[in-house]
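Below is one structure, written out as structure tokens; the observations come after it.
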Amino acid sequence: MQKKFLQSLILLLLLVGLPLGSWYYLRTGLDYRLDRLEELASKGKLEGDSFEQGWVYVIAVSDVAFTTLDPIISHFKTNPKLKFTMLDIEQLKKQKILDELWHAAYTSEDISEGVFLTNTSSEIIGVYHLYRERDMAILSEDLAFILPPEPEKDFYIRREQER
């Protein structure tokens, strides 16, 4: 009697519990992805042709930004679709959308502390504060999310043909 009950319980777990657990796991992953895509929606397009299509840009406004961004730069340096760039004052004046987005996100802060993320269509998808650790962590997560994964390297072993 007890053995049959245990077998029925295990069978029920296999036929109902595992599919429900898998569905829940996949559903939460899909919901997370859709929420992140919504957060990374286009906030505005860069003007001019100084940014090539097909590249993801991390745009800094000051040259000291690269020392703060160094851990992120070293982590993503092998990705062929990512470029880190800096805007000078003249270029910044041409890109009015950056100033608007910055002041919408950080009302009283100086734009020289800003970092912007674009997608491959040169649309701004993220605005980050250079000196806030949480913003830099979110920038790193966003880069990992939008960049295509790097292909895994195959192992190549040199040896004579086996007979």
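By order in the structure tokens, chains are A, B, ...; within a chain, residues start at 1; ligands start at 1, following the order shown.
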
Can you list, as a PDB file with C-alpha atoms, in the first residue's frame, every protein, DNA or RNA residue that comes within 6 Å of stretch 108-122 of chain A when you count only C-alpha atoms, leaving out same-chain residues fewer than 2 positions away?
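Saved the output as out-v8.pdb:
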ATOM      1  CA  LEU A  46      21.886  60.566 -32.452  1.00  0.00           C
ATOM      2  CA  GLN A  53      25.382  51.856 -37.981  1.00  0.00           C
ATOM      3  CA  GLY A  54      25.982  48.331 -36.741  1.00  0.00           C
ATOM      4  CA  TRP A  55      28.085  49.311 -33.722  1.00  0.00           C
ATOM      5  CA  VAL A  56      27.126  49.580 -30.073  1.00  0.00           C
ATOM      6  CA  TYR A  57      28.662  52.746 -28.607  1.00  0.00           C
ATOM      7  CA  VAL A  58      29.403  53.686 -25.023  1.00  0.00           C
ATOM      8  CA  ILE A  59      29.690  57.463 -25.147  1.00  0.00           C
ATOM      9  CA  ALA A  60      31.464  59.359 -22.386  1.00  0.00           C
ATOM     10  CA  VAL A  61      31.390  63.119 -22.081  1.00  0.00           C
ATOM     11  CA  SER A  62      34.651  63.639 -20.168  1.00  0.00           C
ATOM     12  CA  TYR A 106      19.591  63.686 -13.473  1.00  0.00           C
ATOM     13  CA  ILE A 124      20.264  56.139 -27.252  1.00  0.00           C
ATOM     14  CA  ILE A 125      19.000  53.317 -25.046  1.00  0.00           C
ATOM     15  CA  GLY A 126      20.675  54.105 -21.736  1.00  0.00           C
ATOM     16  CA  VAL A 127      21.776  57.069 -19.627  1.00  0.00           C
ATOM     17  CA  TYR A 128      24.159  56.429 -16.710  1.00  0.00           C
ATOM     18  CA  HIS A 129      25.893  58.491 -14.061  1.00  0.00           C
ATOM     19  CA  LEU A 130      29.641  57.955 -14.147  1.00  0.00           C
TER      20      LEU A 130
END

*asked:* Please identify the strand (DSSP E) residues within chain A (assignment by DSSP from backbone atoms) and present them as JSON, numbers by chain.
replied: {"A": [44, 45, 56, 57, 58, 59, 60, 82, 83, 84, 85, 86, 114, 115, 116, 117, 118, 123, 124, 125, 126, 127, 128, 129]}

Residue among A:Lys153, A:Lys93, A:Leu69, A:Lys77 lying closest to A:Leu139, counting only C-alpha atoms: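 Closest to A:Leu139 of all the choices is A:Leu69.
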
One decimal place gives the atom CA of A:Phe76-atom CA of A:Pro149 separation as 10.9 Å

- Would you please give, as a ChimeraX atom specification, all residues of stretch 12-77 of chain A that DSSP assigns to alpha helix (DSSP H) based on the backbone? /A:12,18-39,65-68,70-76

Note to self: Which residue is closest to A:Ile138? Choose from A:Lys43, A:Lys96, A:Arg36, A:His103 and count only C-alpha atoms.
What the structure shows: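 Smallest separation from A:Ile138 among the options: A:Arg36.
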
Shell around A:Phe145 at 10 Å using only C-alpha atoms, local window under 2 positions removed, as a list in words
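Near neighbours after the sequence-gap exclusion: Arg33, Arg36, Leu37, Leu40, Leu139, Ser140, Glu141, Asp142, Leu143, Leu147, Pro148 and Pro149 of chain A.
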
Using only N, CA and C atoms, please write the residues we just selected to a file, as a tab-separated table (two decimals), in the first residue's frame.
chain	number	residue	atom	x	y	z
A	33	ARG	N	13.33	39.07	-19.70
A	33	ARG	CA	13.85	39.54	-20.99
A	33	ARG	C	12.96	40.63	-21.57
A	36	ARG	N	13.49	43.87	-19.66
A	36	ARG	CA	14.77	44.50	-20.01
A	36	ARG	C	14.69	45.15	-21.39
A	37	LEU	N	14.05	44.50	-22.35
A	37	LEU	CA	13.90	45.08	-23.68
A	37	LEU	C	13.07	46.36	-23.62
A	40	LEU	N	15.25	49.08	-22.31
A	40	LEU	CA	16.27	49.47	-23.27
A	40	LEU	C	15.68	49.95	-24.60
A	139	LEU	N	25.02	49.52	-16.40
A	139	LEU	CA	25.64	49.65	-17.72
A	139	LEU	C	26.28	48.34	-18.14
A	140	SER	N	26.99	47.71	-17.23
A	140	SER	CA	27.64	46.43	-17.54
A	140	SER	C	26.59	45.36	-17.87
A	141	GLU	N	25.50	45.32	-17.11
A	141	GLU	CA	24.43	44.36	-17.38
A	141	GLU	C	23.79	44.64	-18.74
A	142	ASP	N	23.56	45.91	-19.04
A	142	ASP	CA	22.93	46.27	-20.31
A	142	ASP	C	23.82	45.90	-21.49
A	143	LEU	N	25.13	46.11	-21.34
A	143	LEU	CA	26.05	45.71	-22.41
A	143	LEU	C	26.02	44.20	-22.62
A	147	LEU	N	24.69	43.00	-26.38
A	147	LEU	CA	25.74	42.54	-27.29
A	147	LEU	C	25.54	41.07	-27.63
A	148	PRO	N	25.78	40.71	-28.88
A	148	PRO	CA	25.66	39.30	-29.22
A	148	PRO	C	26.74	38.50	-28.50
A	149	PRO	N	26.43	37.28	-28.10
A	149	PRO	CA	27.45	36.48	-27.40
A	149	PRO	C	28.63	36.19	-28.31

Between A:Ser74, A:Gln7, A:Ser50, A:Ser22, which residue has the minimum interatomic distance to A:Leu92, considering only C-alpha atoms?
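Of A:Ser74, A:Gln7, A:Ser50, A:Ser22, the one nearest A:Leu92 is A:Ser50, counting only C-alpha atoms.
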